[in-house]
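Pasting protein.cif here (mmCIF, C-alpha atoms):
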```cif
data_start
#
loop_
_atom_site.label_atom_id
_atom_site.label_comp_id
_atom_site.auth_asym_id
_atom_site.auth_seq_id
_atom_site.Cartn_x
_atom_site.Cartn_y
_atom_site.Cartn_z
CA MET A 14 0.00 0.00 0.00
CA TYR A 15 2.79 2.37 0.80
CA GLU A 16 5.05 1.59 -2.16
CA PRO A 17 3.46 4.21 -4.42
CA ALA A 18 3.65 6.75 -1.66
CA ASP A 19 7.29 5.92 -1.05
CA SER A 20 7.97 6.14 -4.79
CA ALA A 21 6.23 9.45 -4.98
CA SER A 22 8.24 10.69 -2.04
CA ARG A 23 11.49 9.60 -3.69
CA ILE A 24 10.48 11.27 -6.95
CA THR A 25 9.59 14.44 -5.09
CA ALA A 26 12.89 14.37 -3.25
CA VAL A 27 14.81 13.89 -6.49
CA GLN A 28 12.90 16.78 -8.10
CA LYS A 29 13.79 18.99 -5.14
CA VAL A 30 17.44 18.10 -5.50
CA ILE A 31 17.36 18.84 -9.24
CA THR A 32 15.51 22.11 -8.59
CA MET A 33 18.07 23.14 -5.95
CA LYS A 34 20.93 22.28 -8.30
CA ARG A 35 19.34 24.40 -11.01
CA LEU A 36 18.90 27.24 -8.56
CA TYR A 37 22.51 27.01 -7.42
CA SER A 38 23.63 26.90 -11.06
CA LEU A 39 21.54 29.96 -11.86
CA ILE A 40 22.97 31.82 -8.89
CA LEU A 41 26.49 30.81 -9.92
CA ILE A 42 25.95 31.92 -13.53
CA CYS A 43 24.47 35.23 -12.41
CA SER A 44 27.37 35.80 -10.09
CA LEU A 45 29.87 34.95 -12.81
CA GLN A 46 28.36 37.10 -15.54
CA PRO A 47 29.59 40.44 -14.13
CA SER A 48 32.99 38.87 -13.59
CA LEU A 49 33.08 37.61 -17.16
CA ALA A 50 32.01 41.01 -18.43
CA GLN A 51 34.76 42.62 -16.39
CA ALA A 52 37.43 40.03 -17.13
CA ALA A 53 39.09 42.04 -19.85
CA ASP A 54 38.94 45.19 -17.74
CA ASP A 55 40.42 43.38 -14.76
CA ALA A 56 43.30 42.26 -16.96
CA PHE A 57 44.42 45.88 -17.00
CA LEU A 58 45.07 45.61 -13.26
CA ASP A 59 47.83 43.11 -13.98
CA LEU A 60 49.72 45.58 -16.18
CA ASP A 61 52.79 47.30 -14.80
CA PHE A 62 52.99 51.08 -14.57
CA GLU A 63 54.73 51.50 -17.94
CA ALA A 64 52.09 49.40 -19.68
CA LEU A 65 49.28 51.33 -18.01
CA VAL A 66 50.81 54.59 -19.19
CA ASN A 67 50.95 53.22 -22.73
CA VAL A 68 47.27 52.31 -22.50
CA GLN A 69 46.47 55.86 -21.40
CA LEU A 70 48.47 57.28 -24.29
CA ALA A 71 46.83 54.98 -26.84
CA SER A 72 44.45 57.76 -27.87
CA SER A 73 47.32 59.90 -29.14
CA ILE A 74 48.70 56.93 -31.02
CA ALA A 75 45.35 56.30 -32.67
CA MET A 76 45.19 59.95 -33.76
CA GLY A 77 48.52 59.60 -35.55
CA LEU A 78 50.44 61.80 -33.11
CA HIS A 79 54.07 61.03 -32.24
CA HIS A 80 54.65 58.14 -29.85
CA THR A 81 57.34 55.62 -29.00
CA HIS A 82 57.38 51.88 -28.29
CA PRO A 83 59.29 49.76 -25.77
CA ARG A 84 62.20 47.65 -26.92
CA GLY A 85 61.22 44.82 -29.28
CA GLU A 86 57.65 46.02 -29.88
CA TRP A 87 56.27 46.35 -33.42
CA MET A 88 53.35 48.36 -34.71
CA VAL A 89 51.72 48.22 -38.13
CA GLY A 90 49.20 50.88 -38.98
CA TYR A 91 46.82 52.21 -41.57
CA ARG A 92 45.24 55.65 -41.64
CA TYR A 93 42.69 57.10 -44.06
CA MET A 94 42.56 60.89 -44.31
CA ASP A 95 40.00 62.89 -46.28
CA MET A 96 40.05 66.68 -46.63
CA HIS A 97 37.56 68.78 -48.57
CA MET A 98 38.25 72.33 -49.73
CA ASP A 99 35.54 74.65 -50.99
CA GLY A 100 35.76 78.29 -52.08
CA ASN A 101 38.72 80.68 -52.09
CA LEU A 102 40.34 83.05 -49.62
CA ASP A 103 42.68 85.99 -49.96
CA GLY A 104 44.03 86.55 -46.48
CA THR A 105 40.94 85.96 -44.34
CA ASP A 106 38.51 87.37 -46.93
CA ASN A 107 36.36 85.26 -49.22
CA VAL A 108 37.00 85.67 -52.94
CA SER A 109 34.21 84.80 -55.37
CA THR A 110 34.67 82.91 -58.61
CA ALA A 111 33.50 86.00 -60.51
CA GLU A 112 36.27 88.10 -58.94
CA ILE A 113 38.91 85.53 -59.88
CA LEU A 114 37.76 85.44 -63.53
CA ASP A 115 36.97 89.15 -63.95
CA PRO A 116 39.36 90.70 -66.55
CA ALA A 117 39.10 93.97 -64.62
CA GLY A 118 39.73 92.14 -61.35
CA LEU A 119 42.15 89.29 -60.66
CA ASN A 120 42.06 88.37 -64.36
CA PHE A 121 42.59 84.60 -64.30
CA MET A 122 41.28 82.45 -67.15
CA VAL A 123 40.36 79.54 -64.84
CA ALA A 124 39.15 79.50 -61.23
CA PRO A 125 39.46 76.54 -58.83
CA LYS A 126 36.15 75.89 -57.05
CA SER A 127 36.74 72.89 -54.76
CA MET A 128 39.19 70.09 -54.08
CA ASP A 129 39.14 66.69 -52.44
CA MET A 130 42.38 65.27 -51.04
CA GLN A 131 42.43 61.67 -49.88
CA MET A 132 45.38 59.78 -48.47
CA HIS A 133 45.96 56.18 -47.40
CA MET A 134 48.90 56.12 -45.01
CA PHE A 135 50.69 52.85 -44.20
CA SER A 136 53.15 52.84 -41.32
CA LEU A 137 55.56 50.50 -39.57
CA MET A 138 57.23 51.18 -36.20
CA TYR A 139 59.74 49.27 -34.09
CA GLY A 140 61.23 49.89 -30.67
CA LEU A 141 65.00 49.51 -31.00
CA THR A 142 65.37 50.34 -27.29
CA ASP A 143 62.98 51.55 -24.61
CA ASN A 144 63.93 55.10 -25.59
CA LEU A 145 64.47 54.86 -29.35
CA THR A 146 61.78 54.00 -31.91
CA VAL A 147 62.17 53.97 -35.69
CA MET A 148 59.29 54.54 -38.09
CA GLY A 149 58.60 54.34 -41.81
CA MET A 150 55.52 55.80 -43.53
CA LEU A 151 54.25 55.22 -47.06
CA PRO A 152 51.38 57.40 -48.37
CA TYR A 153 49.09 56.80 -51.32
CA LYS A 154 47.35 59.99 -52.47
CA ARG A 155 44.28 60.72 -54.58
CA ASN A 156 43.43 64.31 -55.57
CA SER A 157 40.60 65.86 -57.56
CA MET A 158 39.94 69.56 -58.24
CA ASP A 159 36.87 71.20 -59.77
CA HIS A 160 37.33 74.25 -62.02
CA VAL A 161 35.33 76.71 -64.08
CA THR A 162 36.59 78.79 -67.01
CA ARG A 163 35.76 82.35 -67.96
CA SER A 164 33.43 80.94 -70.64
CA ASN A 165 31.65 78.89 -67.92
CA ILE A 166 33.12 75.52 -68.91
CA LYS A 167 33.34 73.24 -65.89
CA PHE A 168 35.93 70.47 -65.62
CA THR A 169 37.74 68.32 -63.04
CA THR A 170 41.38 67.26 -62.90
CA HIS A 171 42.67 64.14 -61.15
CA SER A 172 45.95 62.74 -59.86
CA ASP A 173 46.83 59.72 -57.76
CA GLY A 174 49.79 57.62 -56.75
CA ILE A 175 52.51 57.11 -54.14
CA GLY A 176 53.52 60.18 -52.14
CA ASP A 177 56.81 60.94 -50.39
CA VAL A 178 58.07 58.17 -48.09
CA SER A 179 59.35 59.28 -44.68
CA LEU A 180 61.88 57.60 -42.37
CA THR A 181 62.17 58.93 -38.82
CA GLY A 182 63.54 58.18 -35.40
CA LEU A 183 61.88 59.10 -32.10
CA TYR A 184 64.04 59.43 -28.99
CA THR A 185 62.62 59.77 -25.46
CA PHE A 186 65.01 61.98 -23.49
CA HIS A 187 62.83 62.45 -20.39
CA ARG A 188 60.48 59.92 -18.82
CA GLY A 189 58.88 61.03 -15.55
CA SER A 190 56.00 59.82 -13.42
CA LYS A 191 53.58 62.22 -15.13
CA HIS A 192 55.43 63.58 -18.15
CA ARG A 193 57.45 62.51 -21.17
CA PHE A 194 59.45 64.37 -23.79
CA HIS A 195 60.85 63.01 -27.02
CA LEU A 196 62.59 64.29 -30.12
CA VAL A 197 61.72 63.43 -33.70
CA ALA A 198 64.21 63.53 -36.57
CA GLY A 199 64.21 62.06 -40.05
CA LEU A 200 63.96 62.51 -43.79
CA SER A 201 61.16 62.71 -46.34
CA LEU A 202 62.28 61.09 -49.58
CA PRO A 203 61.16 62.35 -53.04
CA THR A 204 59.19 59.25 -54.08
CA GLY A 205 56.04 61.20 -54.97
CA SER A 206 55.62 62.41 -58.55
CA ILE A 207 55.95 66.10 -59.47
CA ASP A 208 55.05 65.42 -63.11
CA LYS A 209 51.37 64.47 -62.89
CA LYS A 210 49.38 65.44 -65.99
CA ASP A 211 45.74 65.47 -67.10
CA ASP A 212 43.79 66.68 -70.12
CA LEU A 213 42.08 70.09 -69.99
CA PRO A 214 39.25 71.58 -72.10
CA SER A 215 41.79 73.71 -73.96
CA SER A 216 44.41 70.99 -74.44
CA GLY A 217 42.64 69.14 -77.26
CA GLY A 218 42.77 65.81 -75.45
CA LYS A 219 46.47 66.14 -74.71
CA ASP A 220 47.71 65.69 -71.14
CA VAL A 221 49.34 68.79 -69.69
CA GLN A 222 51.25 69.48 -66.47
CA LEU A 223 49.01 69.93 -63.42
CA PRO A 224 49.48 72.82 -60.93
CA TYR A 225 51.37 72.48 -57.65
CA PRO A 226 48.51 71.31 -55.35
CA MET A 227 47.77 68.39 -57.66
CA GLN A 228 51.31 66.99 -57.52
CA LEU A 229 52.00 64.09 -55.14
CA GLY A 230 55.40 65.01 -53.69
CA SER A 231 57.88 67.79 -53.10
CA GLY A 232 60.54 66.52 -55.49
CA THR A 233 63.22 67.22 -52.86
CA THR A 234 64.72 65.42 -49.90
CA ASP A 235 63.24 67.16 -46.87
CA LEU A 236 64.47 67.34 -43.30
CA LEU A 237 61.90 66.46 -40.62
CA ALA A 238 62.39 67.55 -37.00
CA GLY A 239 60.08 67.86 -34.03
CA LEU A 240 59.54 67.87 -30.29
CA THR A 241 56.71 66.13 -28.42
CA TYR A 242 55.46 66.50 -24.85
CA LEU A 243 53.09 63.95 -23.27
CA GLY A 244 51.37 64.21 -19.89
CA TYR A 245 49.07 61.75 -18.17
CA GLY A 246 46.86 61.52 -15.11
CA GLU A 247 44.23 59.14 -13.79
CA ASP A 248 41.59 59.80 -16.45
CA TRP A 249 43.15 62.44 -18.67
CA THR A 250 46.12 62.49 -21.03
CA TRP A 251 47.36 65.56 -22.84
CA GLY A 252 50.19 66.67 -25.03
CA ALA A 253 51.73 69.07 -27.50
CA THR A 254 53.89 68.65 -30.60
CA VAL A 255 55.89 70.99 -32.81
CA ASP A 256 57.08 69.71 -36.19
CA THR A 257 59.09 71.33 -38.96
CA THR A 258 59.66 70.40 -42.58
CA ILE A 259 62.73 71.98 -44.17
CA ARG A 260 63.16 71.58 -47.93
CA LEU A 261 66.69 70.72 -49.04
CA GLY A 262 67.67 71.95 -52.49
CA GLU A 263 65.64 72.39 -55.68
CA ASN A 264 63.67 69.70 -57.48
CA ALA A 265 63.95 68.60 -61.12
CA ASN A 266 61.25 71.09 -62.16
CA ASP A 267 63.21 74.11 -60.88
CA TYR A 268 61.25 74.91 -57.74
CA THR A 269 61.23 74.27 -53.99
CA LEU A 270 58.09 74.00 -51.91
CA GLY A 271 57.85 76.31 -48.93
CA ASN A 272 59.09 75.21 -45.52
CA ALA A 273 56.39 74.29 -43.03
CA VAL A 274 55.85 74.22 -39.27
CA SER A 275 52.93 72.55 -37.53
CA THR A 276 51.72 72.12 -33.98
CA ASP A 277 49.18 70.00 -32.13
CA LEU A 278 47.61 70.59 -28.73
CA TRP A 279 45.42 67.75 -27.53
CA ALA A 280 43.65 66.29 -24.51
CA SER A 281 42.03 62.89 -24.08
CA ARG A 282 39.46 61.67 -21.54
CA THR A 283 39.30 57.95 -20.76
CA LEU A 284 35.82 56.42 -20.99
CA TYR A 285 35.10 52.85 -19.80
CA THR A 286 38.77 51.84 -19.78
CA ARG A 287 39.09 51.16 -23.51
CA PHE A 288 37.51 54.26 -25.02
CA ASN A 289 39.03 57.71 -25.21
CA LEU A 290 37.41 60.97 -26.25
CA ILE A 291 40.01 63.21 -27.88
CA PHE A 292 40.02 66.96 -28.45
CA ARG A 293 42.73 68.39 -30.70
CA LEU A 294 43.79 71.78 -32.04
CA HIS A 295 46.03 71.51 -35.08
CA GLY A 296 47.90 74.48 -36.55
CA LYS A 297 50.07 74.76 -39.63
CA LYS A 298 52.02 77.54 -41.32
CA TRP A 299 53.70 77.07 -44.70
CA GLY A 300 55.58 79.28 -47.14
CA ASN A 301 55.32 80.15 -50.81
CA ILE A 302 57.18 78.25 -53.50
CA ASP A 303 60.70 79.34 -54.41
CA GLY A 304 61.26 79.16 -58.16
CA ALA A 305 58.64 77.96 -60.66
CA ASP A 306 57.76 74.99 -62.83
CA PRO A 307 58.45 76.14 -66.42
CA ALA A 308 55.57 73.97 -67.66
CA LEU A 309 53.01 76.09 -65.75
CA ASN A 310 51.56 79.47 -66.71
CA PRO A 311 50.75 81.45 -63.53
CA ALA A 312 48.39 83.75 -65.46
CA VAL A 313 45.97 80.92 -66.26
CA VAL A 314 44.90 79.68 -62.82
CA PRO A 315 45.85 80.74 -59.24
CA THR A 316 47.05 77.22 -58.36
CA ALA A 317 49.85 77.62 -60.93
CA ASP A 318 51.19 80.80 -59.29
CA PRO A 319 54.10 79.96 -56.90
CA ASN A 320 53.47 83.21 -54.99
CA LEU A 321 49.92 82.17 -54.05
CA ARG A 322 50.71 79.03 -52.04
CA ALA A 323 51.55 80.21 -48.49
CA GLY A 324 49.15 80.22 -45.59
CA THR A 325 48.28 79.66 -41.94
CA ARG A 326 45.46 77.46 -40.66
CA PHE A 327 44.11 76.14 -37.36
CA ASP A 328 41.72 73.18 -37.18
CA ALA A 329 39.64 71.99 -34.23
CA THR A 330 38.88 68.27 -34.15
CA ILE A 331 37.04 65.77 -31.97
CA GLY A 332 37.69 62.05 -32.05
CA LEU A 333 36.95 58.74 -30.39
CA SER A 334 39.48 55.92 -30.02
CA LEU A 335 39.19 52.31 -28.91
CA TYR A 336 42.18 50.47 -27.45
CA GLU A 337 42.22 46.75 -26.62
CA GLY A 338 44.95 46.13 -24.07
CA ALA A 339 43.89 42.60 -23.21
CA GLY A 340 41.70 39.78 -24.46
CA ARG A 341 41.00 38.39 -27.90
CA PHE A 342 41.72 41.64 -29.76
CA GLU A 343 44.70 42.65 -27.65
CA GLY A 344 46.96 45.18 -29.35
CA ASN A 345 44.35 46.61 -31.73
CA ARG A 346 43.65 50.34 -31.80
CA LEU A 347 40.90 52.04 -33.77
CA ALA A 348 40.02 55.74 -33.99
CA ILE A 349 37.86 58.20 -35.91
CA GLU A 350 38.21 61.98 -36.02
CA TYR A 351 36.29 64.89 -37.54
CA GLY A 352 37.46 68.49 -37.77
CA VAL A 353 36.72 71.94 -39.13
CA PRO A 354 38.91 75.04 -39.55
CA VAL A 355 38.65 77.74 -36.90
CA TYR A 356 41.06 80.15 -38.58
CA GLN A 357 42.55 80.46 -42.07
CA SER A 358 44.70 83.14 -43.67
CA LEU A 359 45.93 82.34 -47.19
CA ASP A 360 48.03 84.03 -49.86
CA GLY A 361 45.29 83.98 -52.40
CA PRO A 362 43.10 83.50 -54.12
CA GLN A 363 43.68 80.02 -52.68
CA LEU A 364 41.28 77.20 -51.90
CA LYS A 365 40.22 77.12 -48.26
CA MET A 366 39.74 74.04 -46.12
CA ASP A 367 36.12 73.11 -45.36
CA ARG A 368 36.29 69.90 -43.31
CA LEU A 369 38.46 66.88 -42.61
CA PHE A 370 37.89 63.28 -41.57
CA ASN A 371 40.35 60.65 -40.35
CA VAL A 372 40.02 56.98 -39.45
CA SER A 373 42.96 54.87 -38.31
CA TRP A 374 43.84 51.38 -37.19
CA GLN A 375 47.00 50.07 -35.57
CA TYR A 376 48.10 46.68 -34.34
CA VAL A 377 50.83 46.38 -31.71
CA PHE A 378 52.69 43.12 -31.08
#
```

If you took the structure in this file and wrote it as structure tokens, what would it be?
Amino acid sequence: MYEPADSASRITAVQKVITMKRLYSLILICSLQPSLAQAADDAFLDLDFEALVNVQLASSIAMGLHHTHPRGEWMVGYRYMDMHMDGNLDGTDNVSTAEILDPAGLNFMVAPKSMDMQMHMFSLMYGLTDNLTVMGMLPYKRNSMDHVTRSNIKFTTHSDGIGDVSLTGLYTFHRGSKHRFHLVAGLSLPTGSIDKKDDLPSSGGKDVQLPYPMQLGSGTTDLLAGLTYLGYGEDWTWGATVDTTIRLGENANDYTLGNAVSTDLWASRTLYTRFNLIFRLHGKKWGNIDGADPALNPAVVPTADPNLRAGTRFDATIGLSLYEGAGRFEGNRLAIEYGVPVYQSLDGPQLKMDRLFNVSWQYVF
């Protein structure tokens, strides 16, 4: 009589055990989920101070600013840069297309209206010592410029190809608990073409020499030198750079591009360990061209006049970077950046910058 009851009791007891096991399993899983979600973040706690500093400075690396690597560390990188120019300036004043083409005014036969400059930059870095890093950069450029003639004919010119390769060394001469300083020195080699041609409405289908902004290189070996400061705190990193480009000699087309100096001031705020919000102010000042390409007529279009190439510009940018310091994607860095000019003064008429966009990826191993 009691066998069914006993069986039922045993079944009930087994069900209770299974239910309790499921409950314990659920509690265990729930307790582990936050830990699993934080596992990669916790891995940062195992990094030494130098590695933590490098994580903090990853935002500057992603933005393409100067940085060094510890001994034996490699970095491969790719950066896409897009800049759009629209309209013309003379000094800080806008110059209309009509003014450029007016025979009683500036009296050019052709006016540039806009330009798109795109660049794919490939880079390789290696830490020879903890204080000395070497770097090579190879750019691929693509340019297009829209024009209009005095008779209202619209046309676009194009150029693309390899730009000037640069080889540099970066030496850290001060490494403190909150600050770093390093020097940059190197050469830009004349691998970019200065003989790009395209057909024009007046050339009868024949390719003719393109003006200076459409060429891909300087045609000269150029000296590169700079100084970088980096500072870092608990959640913020900041820094400043000054870079100079000094042209050495005259190129095969009888001219020398103007020397240039640029500066960057930036600050980065760490968000959720891996993410950084970056604010940057970039300034650049460059000179006019010395000499002239005999294949260009400066009376036809402003971009062919070597005395209308100098200028000063400041850009304000905002960016977001992602750095994986641990886990499956350890060593990967990704960043995007958007910027607009806040000040421009150009020897013109000269095309003015409208906006810029950058996206970059690096892998450190």

Pull out every residue that the PyMOL selection byres ((chain A and resi 273) around 8) matches in the shown coordinates and put them as a list in words. Thr257, Thr258, Ile259, Gly271, Asn272, Val274, Ser275, Lys297, Lys298, Trp299 and Gly300 of chain A

Ranking A:Gln222, A:Thr325, A:Thr234, A:Gln228 by minimum distance to Lys154 (chain A) and counting all atoms listed in the file, which one comes first?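 Checking each candidate against Lys154 (chain A), we get A:Gln228 as the closest.
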
Counting all atoms listed in the file, figure out which residue out of A:Leu200, A:Tyr225, A:Gly149, A:Pro214 gets nearest to Asn165 (chain A).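 When distances to Asn165 (chain A) are compared using all atoms listed in the file, the smallest one comes from A:Pro214.
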
Using only C-alpha atoms, determine which residues lie at most 7 Å from region 97-113 of chain A, disregarding the query and same-chain residues fewer than 2 positions distant; provide the list as JSON, numbers by chain. {"A": [95, 115, 118, 119, 120, 121, 124, 126, 127, 128, 129, 130, 357, 358, 359, 360, 361, 362, 363, 364, 365, 366, 367, 368, 369]}

Would you work out the distance separating CA of Gly246 (chain A) from CA of Ala339 (chain A), expressed in Å to one decimal?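 About the pair CA of Gly246 (chain A) and CA of Ala339 (chain A): they are 20.8 Å apart.
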
Compile the contact shell of Leu243 (chain A) as a ChimeraX atom specification: residues with an atom at most 8 Å away, counting all atoms listed in the file, same-chain residues fewer than 3 positions apart removed. /A:192-194,250-253

I need region 251-295 of chain A written out with C-alpha atoms, as a tab-separated table (two decimals), in the first residue's frame; please produce it.
```
chain	number	residue	atom	x	y	z
A	251	TRP	CA	47.36	65.56	-22.84
A	252	GLY	CA	50.19	66.67	-25.03
A	253	ALA	CA	51.73	69.07	-27.50
A	254	THR	CA	53.89	68.65	-30.60
A	255	VAL	CA	55.89	70.99	-32.81
A	256	ASP	CA	57.08	69.71	-36.19
A	257	THR	CA	59.09	71.33	-38.96
A	258	THR	CA	59.66	70.40	-42.58
A	259	ILE	CA	62.73	71.98	-44.17
A	260	ARG	CA	63.16	71.58	-47.93
A	261	LEU	CA	66.69	70.72	-49.04
A	262	GLY	CA	67.67	71.95	-52.49
A	263	GLU	CA	65.64	72.39	-55.68
A	264	ASN	CA	63.67	69.70	-57.48
A	265	ALA	CA	63.95	68.60	-61.12
A	266	ASN	CA	61.25	71.09	-62.16
A	267	ASP	CA	63.21	74.11	-60.88
A	268	TYR	CA	61.25	74.91	-57.74
A	269	THR	CA	61.23	74.27	-53.99
A	270	LEU	CA	58.09	74.00	-51.91
A	271	GLY	CA	57.85	76.31	-48.93
A	272	ASN	CA	59.09	75.21	-45.52
A	273	ALA	CA	56.39	74.29	-43.03
A	274	VAL	CA	55.85	74.22	-39.27
A	275	SER	CA	52.93	72.55	-37.53
A	276	THR	CA	51.72	72.12	-33.98
A	277	ASP	CA	49.18	70.00	-32.13
A	278	LEU	CA	47.61	70.59	-28.73
A	279	TRP	CA	45.42	67.75	-27.53
A	280	ALA	CA	43.65	66.29	-24.51
A	281	SER	CA	42.03	62.89	-24.08
A	282	ARG	CA	39.46	61.67	-21.54
A	283	THR	CA	39.30	57.95	-20.76
A	284	LEU	CA	35.82	56.42	-20.99
A	285	TYR	CA	35.10	52.85	-19.80
A	286	THR	CA	38.77	51.84	-19.78
A	287	ARG	CA	39.09	51.16	-23.51
A	288	PHE	CA	37.51	54.26	-25.02
A	289	ASN	CA	39.03	57.71	-25.21
A	290	LEU	CA	37.41	60.97	-26.25
A	291	ILE	CA	40.01	63.21	-27.88
A	292	PHE	CA	40.02	66.96	-28.45
A	293	ARG	CA	42.73	68.39	-30.70
A	294	LEU	CA	43.79	71.78	-32.04
A	295	HIS	CA	46.03	71.51	-35.08
```
